[in-house]
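A.B. asks: What follows is my_file00.pdb, PDB, C-alpha atoms.
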```
ATOM      1  CA  MET A   1       0.000   0.000   0.000
ATOM      2  CA  LYS A   2       1.212   3.507  -0.810
ATOM      3  CA  LEU A   3       0.279   6.148   1.764
ATOM      4  CA  HIS A   4       0.670   9.906   1.541
ATOM      5  CA  VAL A   5       1.197  11.543   4.941
ATOM      6  CA  ARG A   6       0.918  15.202   5.934
ATOM      7  CA  HIS A   7       1.804  16.196   9.500
ATOM      8  CA  THR A   8       1.621  19.835  10.649
ATOM      9  CA  THR A   9       2.459  21.144  14.122
ATOM     10  CA  ASP A  10       1.417  24.750  14.731
ATOM     11  CA  TYR A  11       2.796  26.510  17.833
ATOM     12  CA  ARG A  12       1.283  29.777  19.093
ATOM     13  CA  TYR A  13       2.647  32.014  21.868
ATOM     14  CA  THR A  14       1.113  34.808  23.937
ATOM     15  CA  GLU A  15       4.426  36.721  24.090
ATOM     16  CA  PRO A  16       7.369  37.151  21.685
ATOM     17  CA  LEU A  17       9.585  34.082  21.369
ATOM     18  CA  ARG A  18      13.233  34.831  22.183
ATOM     19  CA  TYR A  19      14.968  31.465  21.790
ATOM     20  CA  ALA A  20      13.997  27.928  20.798
ATOM     21  CA  LEU A  21      15.806  24.653  20.159
ATOM     22  CA  GLN A  22      13.740  21.827  18.700
ATOM     23  CA  MET A  23      14.534  18.182  17.895
ATOM     24  CA  LEU A  24      12.329  16.381  15.364
ATOM     25  CA  TRP A  25      11.715  12.624  15.142
ATOM     26  CA  LEU A  26       9.566  13.065  12.044
ATOM     27  CA  THR A  27      11.460  11.273   9.280
ATOM     28  CA  PRO A  28      10.610   7.641   8.456
ATOM     29  CA  GLN A  29      13.296   5.373   7.044
ATOM     30  CA  SER A  30      13.161   2.555   4.542
ATOM     31  CA  GLY A  31      13.412  -0.887   6.090
ATOM     32  CA  PRO A  32      11.874  -4.379   6.083
ATOM     33  CA  ALA A  33       8.346  -3.006   6.641
ATOM     34  CA  GLN A  34       8.367   0.020   4.343
ATOM     35  CA  THR A  35      10.019   1.943   1.519
ATOM     36  CA  VAL A  36      10.111   5.721   1.771
ATOM     37  CA  LEU A  37       9.417   7.050  -1.729
ATOM     38  CA  PHE A  38       9.942  10.703  -0.801
ATOM     39  CA  TRP A  39       9.813  12.818   2.344
ATOM     40  CA  SER A  40      10.297  16.470   3.250
ATOM     41  CA  LEU A  41      10.495  18.555   6.407
ATOM     42  CA  GLY A  42       9.808  22.239   6.898
ATOM     43  CA  ALA A  43      10.705  24.354   9.933
ATOM     44  CA  PRO A  44      11.142  28.055  10.835
ATOM     45  CA  GLU A  45      14.947  27.776  10.601
ATOM     46  CA  LYS A  46      17.570  25.644   8.862
ATOM     47  CA  LEU A  47      17.378  21.967   9.760
ATOM     48  CA  PHE A  48      20.421  19.868  10.686
ATOM     49  CA  ALA A  49      20.231  16.092  10.186
ATOM     50  CA  GLN A  50      21.803  13.364  12.319
ATOM     51  CA  ARG A  51      21.101   9.899  13.719
ATOM     52  CA  ASP A  52      20.447   9.132  17.349
ATOM     53  CA  ALA A  53      21.654   6.139  19.378
ATOM     54  CA  PHE A  54      18.717   4.038  18.158
ATOM     55  CA  GLY A  55      19.417   4.656  14.472
ATOM     56  CA  ASN A  56      16.522   7.089  14.042
ATOM     57  CA  SER A  57      16.818   9.925  11.536
ATOM     58  CA  ILE A  58      16.390  13.141  13.525
ATOM     59  CA  HIS A  59      16.634  16.835  12.724
ATOM     60  CA  SER A  60      17.195  19.920  14.823
ATOM     61  CA  TYR A  61      16.866  23.657  14.421
ATOM     62  CA  SER A  62      17.357  26.695  16.644
ATOM     63  CA  PHE A  63      15.785  30.143  16.660
ATOM     64  CA  VAL A  64      17.372  33.220  18.224
ATOM     65  CA  GLY A  65      15.130  36.280  18.286
ATOM     66  CA  GLN A  66      16.345  39.855  18.144
ATOM     67  CA  SER A  67      15.116  42.531  20.539
ATOM     68  CA  THR A  68      12.919  43.981  17.799
ATOM     69  CA  ASP A  69      11.363  40.644  16.796
ATOM     70  CA  ASN A  70       7.748  39.904  17.651
ATOM     71  CA  VAL A  71       7.575  36.219  16.687
ATOM     72  CA  ARG A  72       4.563  34.584  18.275
ATOM     73  CA  TRP A  73       4.171  31.405  16.238
ATOM     74  CA  SER A  74       6.142  28.638  14.559
ATOM     75  CA  LEU A  75       5.181  25.898  12.135
ATOM     76  CA  VAL A  76       6.743  22.464  11.558
ATOM     77  CA  ASN A  77       5.658  20.456   8.504
ATOM     78  CA  ALA A  78       6.401  16.872   7.533
ATOM     79  CA  ALA A  79       5.044  15.255   4.382
ATOM     80  CA  GLY A  80       5.807  12.430   2.036
ATOM     81  CA  GLN A  81       4.873   9.116   0.529
ATOM     82  CA  VAL A  82       5.657   5.679   1.948
ATOM     83  CA  GLU A  83       5.031   2.250   0.467
ATOM     84  CA  THR A  84       4.126  -0.060   3.341
ATOM     85  CA  LEU A  85       4.999  -3.737   3.022
ATOM     86  CA  GLY A  86       3.314  -5.260   6.070
ATOM     87  CA  VAL A  87       6.420  -7.112   7.282
ATOM     88  CA  ALA A  88       6.179  -7.570  11.047
ATOM     89  CA  GLU A  89       9.223  -9.757  11.836
ATOM     90  CA  PHE A  90      12.756  -8.553  11.198
ATOM     91  CA  THR A  91      16.345  -8.793  12.385
ATOM     92  CA  ASP A  92      18.126  -5.775  13.810
ATOM     93  CA  ASP A  93      21.211  -4.335  12.202
ATOM     94  CA  GLY A  94      24.317  -5.108  14.249
ATOM     95  CA  THR A  95      24.988  -1.397  14.738
ATOM     96  CA  LEU A  96      21.881  -0.959  16.891
ATOM     97  CA  PRO A  97      21.876  -1.481  20.669
ATOM     98  CA  HIS A  98      21.873  -5.112  21.793
ATOM     99  CA  PRO A  99      18.383  -6.432  22.617
ATOM    100  CA  LEU A 100      19.297  -6.770  26.298
ATOM    101  CA  PHE A 101      19.702  -2.995  26.417
ATOM    102  CA  PHE A 102      15.917  -2.766  26.129
ATOM    103  CA  LEU A 103      15.439  -4.524  29.457
ATOM    104  CA  ARG A 104      16.595  -1.409  31.286
ATOM    105  CA  ALA A 105      14.051   0.535  33.303
ATOM    106  CA  THR A 106      12.903   3.873  31.945
ATOM    107  CA  GLU A 107      10.763   6.577  33.494
ATOM    108  CA  LEU A 108       7.645   5.704  31.505
ATOM    109  CA  ALA A 109       8.025   1.911  31.194
ATOM    110  CA  GLN A 110       9.529   0.403  34.324
ATOM    111  CA  ALA A 111       9.294  -3.233  35.315
ATOM    112  CA  HIS A 112       7.032  -3.805  38.331
ATOM    113  CA  PRO A 113       5.829  -6.873  40.303
ATOM    114  CA  LYS A 114       2.166  -6.070  39.506
ATOM    115  CA  LEU A 115       2.957  -6.006  35.803
ATOM    116  CA  ALA A 116       4.964  -9.218  36.076
ATOM    117  CA  ASP A 117       2.054 -10.967  37.808
ATOM    118  CA  PHE A 118      -0.259  -9.825  35.027
ATOM    119  CA  GLY A 119       2.133 -10.966  32.308
ATOM    120  CA  ARG A 120       2.660 -14.444  33.775
ATOM    121  CA  ARG A 121      -0.918 -15.319  32.860
ATOM    122  CA  PHE A 122       0.195 -15.389  29.222
ATOM    123  CA  VAL A 123       3.701 -16.885  29.446
ATOM    124  CA  HIS A 124       4.348 -20.511  28.605
ATOM    125  CA  PRO A 125       6.128 -22.064  31.625
ATOM    126  CA  LEU A 126       8.534 -23.999  29.386
ATOM    127  CA  ALA A 127       9.626 -21.018  27.265
ATOM    128  CA  ALA A 128      13.399 -20.955  26.752
ATOM    129  CA  PRO A 129      15.274 -18.004  28.299
ATOM    130  CA  GLY A 130      15.981 -15.253  25.781
ATOM    131  CA  THR A 131      13.148 -16.270  23.467
ATOM    132  CA  ALA A 132       9.480 -15.360  23.166
ATOM    133  CA  ASP A 133       6.604 -17.044  21.393
ATOM    134  CA  LEU A 134       4.610 -14.908  18.952
ATOM    135  CA  SER A 135       1.251 -16.425  19.842
ATOM    136  CA  MET A 136       1.946 -15.731  23.517
ATOM    137  CA  LEU A 137       2.919 -12.133  22.752
ATOM    138  CA  LEU A 138      -0.245 -11.573  20.722
ATOM    139  CA  ALA A 139      -2.335 -12.958  23.574
ATOM    140  CA  LEU A 140      -0.467 -10.681  25.963
ATOM    141  CA  SER A 141      -1.063  -7.647  23.734
ATOM    142  CA  GLN A 142      -4.774  -8.414  23.648
ATOM    143  CA  GLY A 143      -4.716  -8.804  27.425
ATOM    144  CA  VAL A 144      -3.053  -5.410  27.796
ATOM    145  CA  ALA A 145      -5.621  -3.794  25.492
ATOM    146  CA  GLY A 146      -8.348  -5.282  27.654
ATOM    147  CA  ALA A 147      -6.755  -4.155  30.911
ATOM    148  CA  VAL A 148      -5.997  -0.638  29.584
ATOM    149  CA  SER A 149      -8.988   0.309  27.473
ATOM    150  CA  TYR A 150      -8.534   2.983  24.821
ATOM    151  CA  GLN A 151      -9.959   6.245  26.120
ATOM    152  CA  LYS A 152      -9.133   9.512  24.382
ATOM    153  CA  ASN A 153      -7.684  12.314  26.561
ATOM    154  CA  SER A 154      -7.528  10.065  29.633
ATOM    155  CA  THR A 155      -3.756  10.472  30.095
ATOM    156  CA  ASN A 156      -0.854  12.702  29.040
ATOM    157  CA  VAL A 157       2.722  12.249  27.831
ATOM    158  CA  THR A 158       4.028  11.939  31.421
ATOM    159  CA  THR A 159       1.717   9.056  32.403
ATOM    160  CA  THR A 160       3.713   5.956  33.319
ATOM    161  CA  ALA A 161       2.912   2.372  32.373
ATOM    162  CA  LEU A 162       2.013   1.486  35.959
ATOM    163  CA  GLU A 163      -0.270   4.524  36.298
ATOM    164  CA  ALA A 164      -2.127   3.649  33.097
ATOM    165  CA  PHE A 165      -2.373  -0.011  34.135
ATOM    166  CA  GLN A 166      -3.799   0.875  37.534
ATOM    167  CA  ALA A 167      -6.225   3.401  36.000
ATOM    168  CA  GLY A 168      -7.372   0.836  33.441
ATOM    169  CA  ALA A 169      -7.500   3.387  30.636
ATOM    170  CA  GLY A 170      -5.210   5.256  28.280
ATOM    171  CA  VAL A 171      -4.348   5.909  24.668
ATOM    172  CA  CYS A 172      -2.150   3.967  22.247
ATOM    173  CA  GLN A 173       0.985   5.433  23.849
ATOM    174  CA  ASP A 174      -0.054   4.069  27.249
ATOM    175  CA  GLN A 175      -1.020   0.667  25.887
ATOM    176  CA  ALA A 176       2.410   0.457  24.234
ATOM    177  CA  HIS A 177       4.154   1.496  27.463
ATOM    178  CA  VAL A 178       2.263  -1.115  29.474
ATOM    179  CA  MET A 179       3.167  -3.825  26.942
ATOM    180  CA  VAL A 180       6.822  -2.778  27.053
ATOM    181  CA  ALA A 181       6.857  -2.673  30.863
ATOM    182  CA  VAL A 182       5.143  -6.064  31.193
ATOM    183  CA  CYS A 183       7.656  -7.635  28.800
ATOM    184  CA  ARG A 184      10.558  -6.098  30.712
ATOM    185  CA  SER A 185       9.030  -7.368  33.968
ATOM    186  CA  LEU A 186       9.180 -10.866  32.449
ATOM    187  CA  GLY A 187      12.765 -10.493  31.194
ATOM    188  CA  ILE A 188      11.721 -10.048  27.548
ATOM    189  CA  PRO A 189      13.372  -7.087  25.730
ATOM    190  CA  ALA A 190      10.822  -4.643  24.337
ATOM    191  CA  ARG A 191      10.840  -1.096  22.997
ATOM    192  CA  TYR A 192       8.471   1.703  22.041
ATOM    193  CA  VAL A 193       7.708   2.616  18.399
ATOM    194  CA  SER A 194       6.178   5.839  17.107
ATOM    195  CA  GLY A 195       4.506   6.120  13.744
ATOM    196  CA  TYR A 196       1.352   6.651  11.718
ATOM    197  CA  PHE A 197      -1.685   4.439  11.259
ATOM    198  CA  TYR A 198      -4.059   4.623   8.316
ATOM    199  CA  ALA A 199      -7.729   3.969   8.964
ATOM    200  CA  ALA A 200     -10.429   6.107   7.416
ATOM    201  CA  ASN A 201     -12.736   5.442  10.388
ATOM    202  CA  GLU A 202     -10.107   6.041  13.122
ATOM    203  CA  PRO A 203      -8.611   9.524  12.524
ATOM    204  CA  ASP A 204      -7.624   9.819  16.203
ATOM    205  CA  LEU A 205      -5.095   7.025  15.628
ATOM    206  CA  ALA A 206      -3.311   8.724  12.712
ATOM    207  CA  SER A 207      -0.490   9.457  15.150
ATOM    208  CA  HIS A 208       0.083   6.022  16.609
ATOM    209  CA  ALA A 209       2.349   3.956  18.843
ATOM    210  CA  TRP A 210       3.144   0.254  19.019
ATOM    211  CA  VAL A 211       5.948  -2.000  20.269
ATOM    212  CA  ASP A 212       8.853  -4.116  19.125
ATOM    213  CA  VAL A 213       9.321  -7.280  21.188
ATOM    214  CA  CYS A 214      12.421  -9.447  20.879
ATOM    215  CA  LEU A 215      11.648 -13.001  19.746
ATOM    216  CA  ASP A 216      15.243 -14.231  20.006
ATOM    217  CA  VAL A 217      18.009 -12.312  21.754
ATOM    218  CA  ALA A 218      20.812 -14.371  20.194
ATOM    219  CA  THR A 219      19.760 -13.619  16.625
ATOM    220  CA  ARG A 220      18.395 -10.090  17.342
ATOM    221  CA  ARG A 221      15.022 -11.164  15.947
ATOM    222  CA  TRP A 222      12.085  -8.816  16.664
ATOM    223  CA  VAL A 223       8.375  -8.554  15.927
ATOM    224  CA  SER A 224       6.285  -5.376  15.774
ATOM    225  CA  ILE A 225       2.939  -5.615  17.578
ATOM    226  CA  ASP A 226       0.105  -3.072  17.579
ATOM    227  CA  VAL A 227      -1.297  -3.402  21.094
ATOM    228  CA  THR A 228      -4.298  -1.164  20.406
ATOM    229  CA  HIS A 229      -5.500  -3.485  17.640
ATOM    230  CA  GLY A 230      -4.112  -6.720  19.116
ATOM    231  CA  CYS A 231      -2.223  -7.712  15.972
ATOM    232  CA  VAL A 232       1.175  -7.582  14.312
ATOM    233  CA  ILE A 233       1.742  -4.505  12.186
ATOM    234  CA  ASP A 234       0.523  -4.551   8.601
ATOM    235  CA  GLN A 235       0.289  -2.259   5.593
ATOM    236  CA  ARG A 236      -1.637   0.341   7.584
ATOM    237  CA  HIS A 237       1.429   1.193   9.670
ATOM    238  CA  VAL A 238       4.176   3.714   8.870
ATOM    239  CA  ARG A 239       7.150   3.499  11.221
ATOM    240  CA  LEU A 240       8.789   6.768  12.312
ATOM    241  CA  ALA A 241      11.163   6.022  15.193
ATOM    242  CA  MET A 242      11.828   3.692  18.102
ATOM    243  CA  GLY A 243      13.376   3.969  21.553
ATOM    244  CA  THR A 244      13.164   2.835  25.143
ATOM    245  CA  ASP A 245       9.892   4.763  25.661
ATOM    246  CA  TYR A 246       8.063   7.855  24.371
ATOM    247  CA  ASN A 247      10.654  10.200  25.867
ATOM    248  CA  ALA A 248      13.334   8.677  23.637
ATOM    249  CA  CYS A 249      11.513   9.355  20.349
ATOM    250  CA  PRO A 250       8.716  11.934  20.619
ATOM    251  CA  PRO A 251       7.653  13.627  17.378
ATOM    252  CA  ILE A 252       9.070  16.942  18.623
ATOM    253  CA  LYS A 253      10.984  17.863  21.759
ATOM    254  CA  GLY A 254      12.676  21.126  22.692
ATOM    255  CA  VAL A 255      13.290  24.054  24.982
ATOM    256  CA  ARG A 256      12.481  27.739  24.657
ATOM    257  CA  GLN A 257      12.901  31.152  26.211
ATOM    258  CA  GLY A 258      10.109  33.713  26.127
ATOM    259  CA  GLY A 259       6.829  33.119  24.377
ATOM    260  CA  GLY A 260       4.648  33.224  27.483
ATOM    261  CA  GLU A 261       1.884  30.625  27.307
ATOM    262  CA  GLU A 262       2.171  28.073  24.502
ATOM    263  CA  SER A 263      -0.590  26.344  22.578
ATOM    264  CA  MET A 264      -0.093  23.620  19.992
ATOM    265  CA  ALA A 265      -2.338  22.280  17.244
ATOM    266  CA  VAL A 266      -1.435  19.078  15.379
ATOM    267  CA  THR A 267      -3.015  18.071  12.081
ATOM    268  CA  ILE A 268      -2.283  14.710  10.442
ATOM    269  CA  THR A 269      -3.839  13.400   7.245
ATOM    270  CA  ILE A 270      -3.085  10.012   5.711
ATOM    271  CA  GLU A 271      -4.413   9.072   2.296
ATOM    272  CA  PRO A 272      -3.879   5.994   0.118
ATOM    273  CA  VAL A 273      -2.313   6.757  -3.246
TER     274      VAL A 273
END
```
Please rewrite the model in this file as structure tokens.

C.D. replies:
Amino acid sequence: MKLHVRHTTDYRYTEPLRYALQMLWLTPQSGPAQTVLFWSLGAPEKLFAQRDAFGNSIHSYSFVGQSTDNVRWSLVNAAGQVETLGVAEFTDDGTLPHPLFFLRATELAQAHPKLADFGRRFVHPLAAPGTADLSMLLALSQGVAGAVSYQKNSTNVTTTALEAFQAGAGVCQDQAHVMVAVCRSLGIPARYVSGYFYAANEPDLASHAWVDVCLDVATRRWVSIDVTHGCVIDQRHVRLAMGTDYNACPPIKGVRQGGGEESMAVTITIEPV
């Protein structure tokens, strides 16, 4: 499937902006599950490209206002076309962090005894150390989606996996964090994935999150699972970036000086070509 994506982030400020530094995780890469046909980024200032520790393509820009400037808004645009291939299982490049790295605790997806107890309901007692069974992981993902029901605006970007699990509600980001944290609680490497999801009847999920879970540590074999939909990824998914949790690969992250109160409006459209 070929999908055309447009992603606009519009920032507005109540006072003049004096300084800003922004990092963008808004550039998909070609890989086993997709081929990027073309992609472009637009920002208020010149963009500088680099790769982060997880192999993601990221860009940064900075703005320095003069005393006479009265800048009260900024716009970031991302757009392009991606051919999705629906490949869910893949082997990591040897340059990426070892799978065991993704067992480490992070602020938003920490292992916890309550999460381990929940996860053990789905684990085969004879599973070999360092391996995971796909059918078990799919059952676990469906269990997580049942325990943390999708509820728009029920959480925010600082909500932890344990908080969402105990509340019993969240959005795709929270469901992904809970899945990652449960896997880590069971000794299974897992990581957070950001991306886009095409569904004409689910526009709220255009900006989406899912997980990579390691099937075999020795061979660096992974599978991508959409917890919200309880399935492996397919041609509806466009992968943007991955990391230990949301904080490692948000669409945009930065700091600023001035500007007063900030408001942000995000618009994402995804259309088949």

A.B. asks: Of the residues A:Ser141, A:Gln29, A:Asn56, A:Ser74, which is the one nearest to Arg12 in chain A, using all atoms listed in the file?

C.D. replies: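 Checking each of A:Ser141, A:Gln29, A:Asn56, A:Ser74 against Arg12 in chain A, counting all atoms listed in the file, the winner is A:Ser74.
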
A.B. asks: Just so the selection is clear, what residues does the PyMOL selection byres ((chain A and resi 263) around 8) cover here, as a VMD selection string?

C.D. replies: chain A and resid 11 to 13 261 to 262 264 to 265

A.B. asks: Taking all atoms listed in the file into account, name the residue in A:Gln66, A:Thr269, A:Ser224, A:Thr219 that is nearest to Val193 in chain A.

C.D. replies: A:Ser224

A.B. asks: Residues at most 8 Å from range 160-164 of chain A, counting only C-alpha atoms, excluding those fewer than 5 positions away in the same chain, as a PyMOL selection string?

C.D. replies: chain A and resi 107-110+112+115+148+155+169-170+174-175+177-178+181

A.B. asks: Got time to write the residues from that selection, C-alpha atoms, as a PDB file, in the coordinates of the input?

C.D. replies:
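And here is the file that came out, out_8.pdb:
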```
ATOM      1  CA  GLU A 107      10.763   6.577  33.494  1.00  0.00           C
ATOM      2  CA  LEU A 108       7.645   5.704  31.505  1.00  0.00           C
ATOM      3  CA  ALA A 109       8.025   1.911  31.194  1.00  0.00           C
ATOM      4  CA  GLN A 110       9.529   0.403  34.324  1.00  0.00           C
ATOM      5  CA  HIS A 112       7.032  -3.805  38.331  1.00  0.00           C
ATOM      6  CA  LEU A 115       2.957  -6.006  35.803  1.00  0.00           C
ATOM      7  CA  VAL A 148      -5.997  -0.638  29.584  1.00  0.00           C
ATOM      8  CA  THR A 155      -3.756  10.472  30.095  1.00  0.00           C
ATOM      9  CA  ALA A 169      -7.500   3.387  30.636  1.00  0.00           C
ATOM     10  CA  GLY A 170      -5.210   5.256  28.280  1.00  0.00           C
ATOM     11  CA  ASP A 174      -0.054   4.069  27.249  1.00  0.00           C
ATOM     12  CA  GLN A 175      -1.020   0.667  25.887  1.00  0.00           C
ATOM     13  CA  HIS A 177       4.154   1.496  27.463  1.00  0.00           C
ATOM     14  CA  VAL A 178       2.263  -1.115  29.474  1.00  0.00           C
ATOM     15  CA  ALA A 181       6.857  -2.673  30.863  1.00  0.00           C
TER      16      ALA A 181
END
```

A.B. asks: For the file shown, what are the residues hit by the PyMOL selection byres ((chain A and resi 250) around 10), laid out as a PyMOL selection string?

C.D. replies: chain A and resi 23-26+157+193-195+240-243+245-249+251-253

A.B. asks: Go through A:Gln22, A:Thr228, A:Gln173, A:Gln34 and flag the residue nearest Gln142 in chain A, using all atoms listed in the file for the distances.

C.D. replies: A:Thr228

A.B. asks: Neighbouring residues of Tyr19 in chain A were defined as those with any atom within 10 Å, considering all atoms listed in the file; residues of the same chain fewer than 4 positions away were excluded. Please report them as a PyMOL selection string.

C.D. replies: chain A and resi 62-66+255-259

A.B. asks: Could those selected residues go to a file with C-alpha atoms, as a CSV table (one decimal), keeping the file's coordinate frame?

C.D. replies:
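File written: again.csv
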```
chain,number,residue,atom,x,y,z
A,62,SER,CA,17.4,26.7,16.6
A,63,PHE,CA,15.8,30.1,16.7
A,64,VAL,CA,17.4,33.2,18.2
A,65,GLY,CA,15.1,36.3,18.3
A,66,GLN,CA,16.3,39.9,18.1
A,255,VAL,CA,13.3,24.1,25.0
A,256,ARG,CA,12.5,27.7,24.7
A,257,GLN,CA,12.9,31.2,26.2
A,258,GLY,CA,10.1,33.7,26.1
A,259,GLY,CA,6.8,33.1,24.4
```

A.B. asks: Please return as a list in words every residue within 9 Å of (18.5, 27.2, 12.6), taking into account only C-alpha atoms and the file's own coordinates.

C.D. replies: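 The answer, in the requested form, is Leu21, Ala43, Pro44, Glu45, Lys46, Leu47, Phe48, Ser60, Tyr61, Ser62, Phe63 and Val64 of chain A.
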
A.B. asks: Restricting the calculation to all atoms listed in the file, which member of A:Ala33, A:Ala206, A:Val71, A:Val238 is positioned closest to Ala88 in chain A?

C.D. replies: A:Ala33

A.B. asks: Interatomic distance between CA of Val76 in chain A and CA of Met1 in chain A?

C.D. replies: 26.1 Å

A.B. asks: Using all atoms listed in the file, which of A:Val87, A:Thr27, A:Arg120, A:Arg236 sits nearest Gln50 in chain A?

C.D. replies: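 The answer is A:Thr27, which sits nearest to Gln50 in chain A.
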
A.B. asks: Selection in question (the file shown): the PyMOL selection byres ((chain A and resi 266) around 8). Which residues does it include, as JSON, numbers by chain?

C.D. replies: {"A": [7, 8, 9, 10, 264, 265, 267, 268]}

A.B. asks: Work out how far CA of Arg239 in chain A is from CA of Val182 in chain A, in Å to one decimal.

C.D. replies: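 Answer for the CA of Val182 in chain A to CA of Arg239 in chain A separation: 22.2 Å.
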
A.B. asks: Which residues come within 9 Å of Ala145 in chain A, counting all atoms listed in the file, excluding same-chain residues fewer than 4 positions away, as a ChimeraX atom specification?

C.D. replies: /A:140-141,149-150,175,179,227-230

A.B. asks: Report the centre and edge lengths, in Å to one decimal, of an axis-aligned box enclosing every atom of range 178-188 of chain A listed in the file, padded by 8 Å on each side, as AutoDock Vina command-line options.

C.D. replies:
```
--center_x 7.5 --center_y -6.0 --center_z 30.5 --size_x 26.5 --size_y 25.8 --size_z 23.0
```

A.B. asks: Which residue is closest to Glu202 in chain A? Choose from A:Lys152, A:His4, A:His124, A:Arg72 and count only C-alpha atoms.

C.D. replies: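 That would be A:Lys152, the residue with the smallest distance to Glu202 in chain A.
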
A.B. asks: What's the separation between CA of Leu3 in chain A and CA of Pro272 in chain A, in Å to one decimal place?

C.D. replies: 4.5 Å

A.B. asks: Excluding range 89-105 of chain A and its own-chain neighbours fewer than 5 positions away, which residues fall within 8 Å of it when counting only C-alpha atoms? Please give them as a VMD selection string.

C.D. replies: chain A and resid 32 53 to 55 110 to 111 184 187 to 191 214 217 219 to 224 244

A.B. asks: If we count all atoms listed in the file and set the cut-off at 6 Å, which residues sit around Ala79 in chain A, ignoring sequence neighbours fewer than 3 positions away in its own chain? Please answer as a PyMOL selection string.

C.D. replies: chain A and resi 5-6+39-40

A.B. asks: What would range 7-22 of chain A look like with N, CA and C atoms restored, written as an mmCIF file, keeping the file's coordinate frame?

C.D. replies:
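Writing the result to result.cif gives the following:
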```cif
data_model
loop_
_atom_site.group_PDB
_atom_site.id
_atom_site.type_symbol
_atom_site.label_atom_id
_atom_site.label_comp_id
_atom_site.auth_asym_id
_atom_site.auth_seq_id
_atom_site.Cartn_x
_atom_site.Cartn_y
_atom_site.Cartn_z
ATOM 1 N N HIS A 7 1.784 16.005 8.044
ATOM 2 C CA HIS A 7 1.804 16.196 9.500
ATOM 3 C C HIS A 7 2.245 17.630 9.785
ATOM 4 N N THR A 8 1.340 18.428 10.350
ATOM 5 C CA THR A 8 1.621 19.835 10.649
ATOM 6 C C THR A 8 1.486 20.086 12.144
ATOM 7 N N THR A 9 2.486 20.746 12.719
ATOM 8 C CA THR A 9 2.459 21.144 14.122
ATOM 9 C C THR A 9 2.568 22.657 14.180
ATOM 10 N N ASP A 10 1.533 23.290 14.707
ATOM 11 C CA ASP A 10 1.417 24.750 14.731
ATOM 12 C C ASP A 10 1.512 25.230 16.184
ATOM 13 N N TYR A 11 2.594 25.955 16.494
ATOM 14 C CA TYR A 11 2.796 26.510 17.833
ATOM 15 C C TYR A 11 2.382 27.978 17.845
ATOM 16 N N ARG A 12 1.671 28.386 18.907
ATOM 17 C CA ARG A 12 1.283 29.777 19.093
ATOM 18 C C ARG A 12 1.701 30.223 20.493
ATOM 19 N N TYR A 13 2.143 31.484 20.600
ATOM 20 C CA TYR A 13 2.647 32.014 21.868
ATOM 21 C C TYR A 13 1.947 33.328 22.208
ATOM 22 N N THR A 14 1.773 33.570 23.505
ATOM 23 C CA THR A 14 1.113 34.808 23.937
ATOM 24 C C THR A 14 2.085 35.979 24.037
ATOM 25 N N GLU A 15 3.399 35.684 24.028
ATOM 26 C CA GLU A 15 4.426 36.721 24.090
ATOM 27 C C GLU A 15 5.494 36.419 23.045
ATOM 28 N N PRO A 16 6.320 37.395 22.680
ATOM 29 C CA PRO A 16 7.369 37.151 21.685
ATOM 30 C C PRO A 16 8.318 36.026 22.103
ATOM 31 N N LEU A 17 8.650 35.181 21.147
ATOM 32 C CA LEU A 17 9.585 34.082 21.369
ATOM 33 C C LEU A 17 11.009 34.607 21.228
ATOM 34 N N ARG A 18 11.866 34.336 22.213
ATOM 35 C CA ARG A 18 13.233 34.831 22.183
ATOM 36 C C ARG A 18 14.245 33.775 21.734
ATOM 37 N N TYR A 19 14.021 32.533 22.146
ATOM 38 C CA TYR A 19 14.968 31.465 21.790
ATOM 39 C C TYR A 19 14.223 30.137 21.777
ATOM 40 N N ALA A 20 14.583 29.269 20.846
ATOM 41 C CA ALA A 20 13.997 27.928 20.798
ATOM 42 C C ALA A 20 14.986 26.954 20.182
ATOM 43 N N LEU A 21 15.033 25.760 20.719
ATOM 44 C CA LEU A 21 15.806 24.653 20.159
ATOM 45 C C LEU A 21 14.870 23.459 20.095
ATOM 46 N N GLN A 22 14.676 22.923 18.898
ATOM 47 C CA GLN A 22 13.740 21.827 18.700
ATOM 48 C C GLN A 22 14.439 20.637 18.042
#
```
